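In what follows, a structure is listed as structure tokens, so that the remarks can point back to it.
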Amino acid sequence: MAVDFRGHPMFPSTGFNAPTRFEADVYDCEVWGKVPTDIEGTFYRMQCDFQYRPPQNEWPTGFNGDGHVSRFRIKNGNVNYRSRYVQTQRLQAEREAHRRLYGVYRNHYTDDPSVAKLERSAANTHLYWHGGKLLCLKEDSLPWYVDPHTLETKGIWTFDGRYTATSMSAHPKIDPVTGEMICYGYQAKGDLSNDVAVYTVNKHGVVTNEVWFKTPYVGIMHDMALTQNYILIPLIARTTSEARLKSGEPMWEWNGNLPTMVAVLPRNGAAKDVRWFKGPARNTLHFLNATDHPDGTITMELPTSSGERDPSQLRRWTFNMKSKKDTFDEEVVSVANGVLARMDDRYLSLPYQYAYIGNRDPNQPFDKARAGNMGGFVTNQYLRVDVATGKTAAYFVGPVQSLQESCFVPRKGSKGEGDGYLLGIASNYETLSSDLVIVDAQRLEEGAIATVKLPFRLRSGTHTNWFDADELPPVTA
Ligand SMILES: [Fe+2]
């Protein structure tokens, strides 16, 4: 059966979000401007791509596409680009069959029976370098790992058999003080189970603690937050059921009648120590940071909206660990309308000042004549938001572009929070090509200091990460 994407409602043959379906190497990328020489390391970026045409009712997010890793290796102002698919069991099975074998998002009832016994990860959401492995994560499955330089797929990683849950979230957190990775799986005993497993992994990649607990309902638990003393895992009112899966629909549906529930677990605690805090239904997936305070409270900042379709705002949730109160308080930090917030990860779990958020400012120009009718959907700014005052600074990308998730990159040798750069992919709807833009994080208004040009298009990506050269193994390829 030949591949043909024509007529697919979300993943058509043409346009910016058409599947890209290729791997590439570009040595010494063209650069407009100057890449600072105090950037040295690798910017990784994940894309959900579709090698084969998904069902018509696929979840429009695209989160069921095949994991496609881009790496931009930067040294002495030069940039080498490479992209490779993660060679998962599902991708290999589909290539062998020359067609899509997996159905809609996280619904095994819609899969071809031939894949029932295969590991189903698309390895398509996020990447973390930890314990000597570059983990490619997808929250319904175990991690895959790839070589950090060649991107050659190495296999599935179970932490030497110590990770016994069936899935690992794509959003672990790495403690910058201890080097530990805190990670978790939900639906951790298989689809629809209300089990959560939380792991502490030391900086060498060895599991040192494992805690299992149950959730009050089966909802999405996409991300977590970490303080020096606590692990916070919110349960969001996007739910599922056996009946929904049997109906052939993608896994999730919004259920605004349910509360948001947040599990708060002491670091290295046990299941009996889990406390649940309740709040109103909130539509959110990603969390910025959390911090302990001397008065016994924990604060956590996150982009969220009150209902499924409401604009997102950066808000703060406060949990009082000294009180018996089982609800959390909420306040608005900034009305920045972006759902992806990043920070200087050297300050993760610690007191901090800055959030970096992709934002759509409707007052900025969008050139429909050149770029088509995408104006209402673009992310045209990166904002730096002071989480104490709400004060913002903005970088505007231009009238025919949209920005994907940014990543903060510390200036080589720097220590102070925010002393570095924002890196992110800009989609150019006029030229149907993609750029890596580099902005000074302390001078956003001055615009990009370098634009790394790719001679092709990368469709919408999911998440990005940066690792300094001295964190990664020596370059051999
Ligand atoms: Fe995510």
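FYI, nothing fancy with the structure tokens labels: chains A, B, ... in order, residues from 1 per chain, ligands from 1 as they appear.
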- Message: So that I can check the surroundings of Ser312 in chain A, please list as number ranges by chain every protein, DNA and RNA residue that reaches within 12 Å of it, counting only C-alpha atoms and ignoring chain neighbours fewer than 2 positions away.
- Response: A: 282-286, 302-310, 314-315, 332-341, 357-360
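Near ligand 1, at distances of 7 Å or less and with only C-alpha atoms and all ligand atoms counted, sit the residues Thr125, Ala170, His171, His222, Asp223, Leu285, His286, Thr462 and His463 of chain A.
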Dump as a CSV table (one decimal), in the first residue's frame, selection limited to C-alpha atoms:
chain,number,residue,atom,x,y,z
A,125,THR,CA,7.9,13.7,23.5
A,170,ALA,CA,8.2,12.5,29.5
A,171,HIS,CA,8.8,15.2,32.2
A,222,HIS,CA,1.8,14.8,32.1
A,223,ASP,CA,4.3,16.7,34.2
A,285,LEU,CA,0.0,20.1,31.1
A,286,HIS,CA,3.3,21.7,31.9
A,462,THR,CA,7.2,19.0,21.1
A,463,HIS,CA,10.0,19.7,23.6
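Between CA of Val437 in chain A and CA of Ser414 in chain A the separation is 20.7 Å.
Proximity to Gly416 in chain A was assessed for A:Trp144, A:Phe319, A:Tyr347, A:Tyr186 counting only C-alpha atoms; the smallest distance is recorded for A:Tyr347.
With only C-alpha atoms as the atoms that count, the minimum distance from Val409 in chain A to the choices A:Arg244, A:Arg443, A:Arg342, A:Arg99 is reached by A:Arg342.
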- Taking the DSSP assignment computed from this structure's backbone, write out as a PyMOL selection string all residues of range 287-455 of chain A that belong to alpha helix (DSSP H). chain A and resi 368-371
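Relative to CA of His293 in chain A, CA of Leu350 in chain A is found at 9.9 Å.
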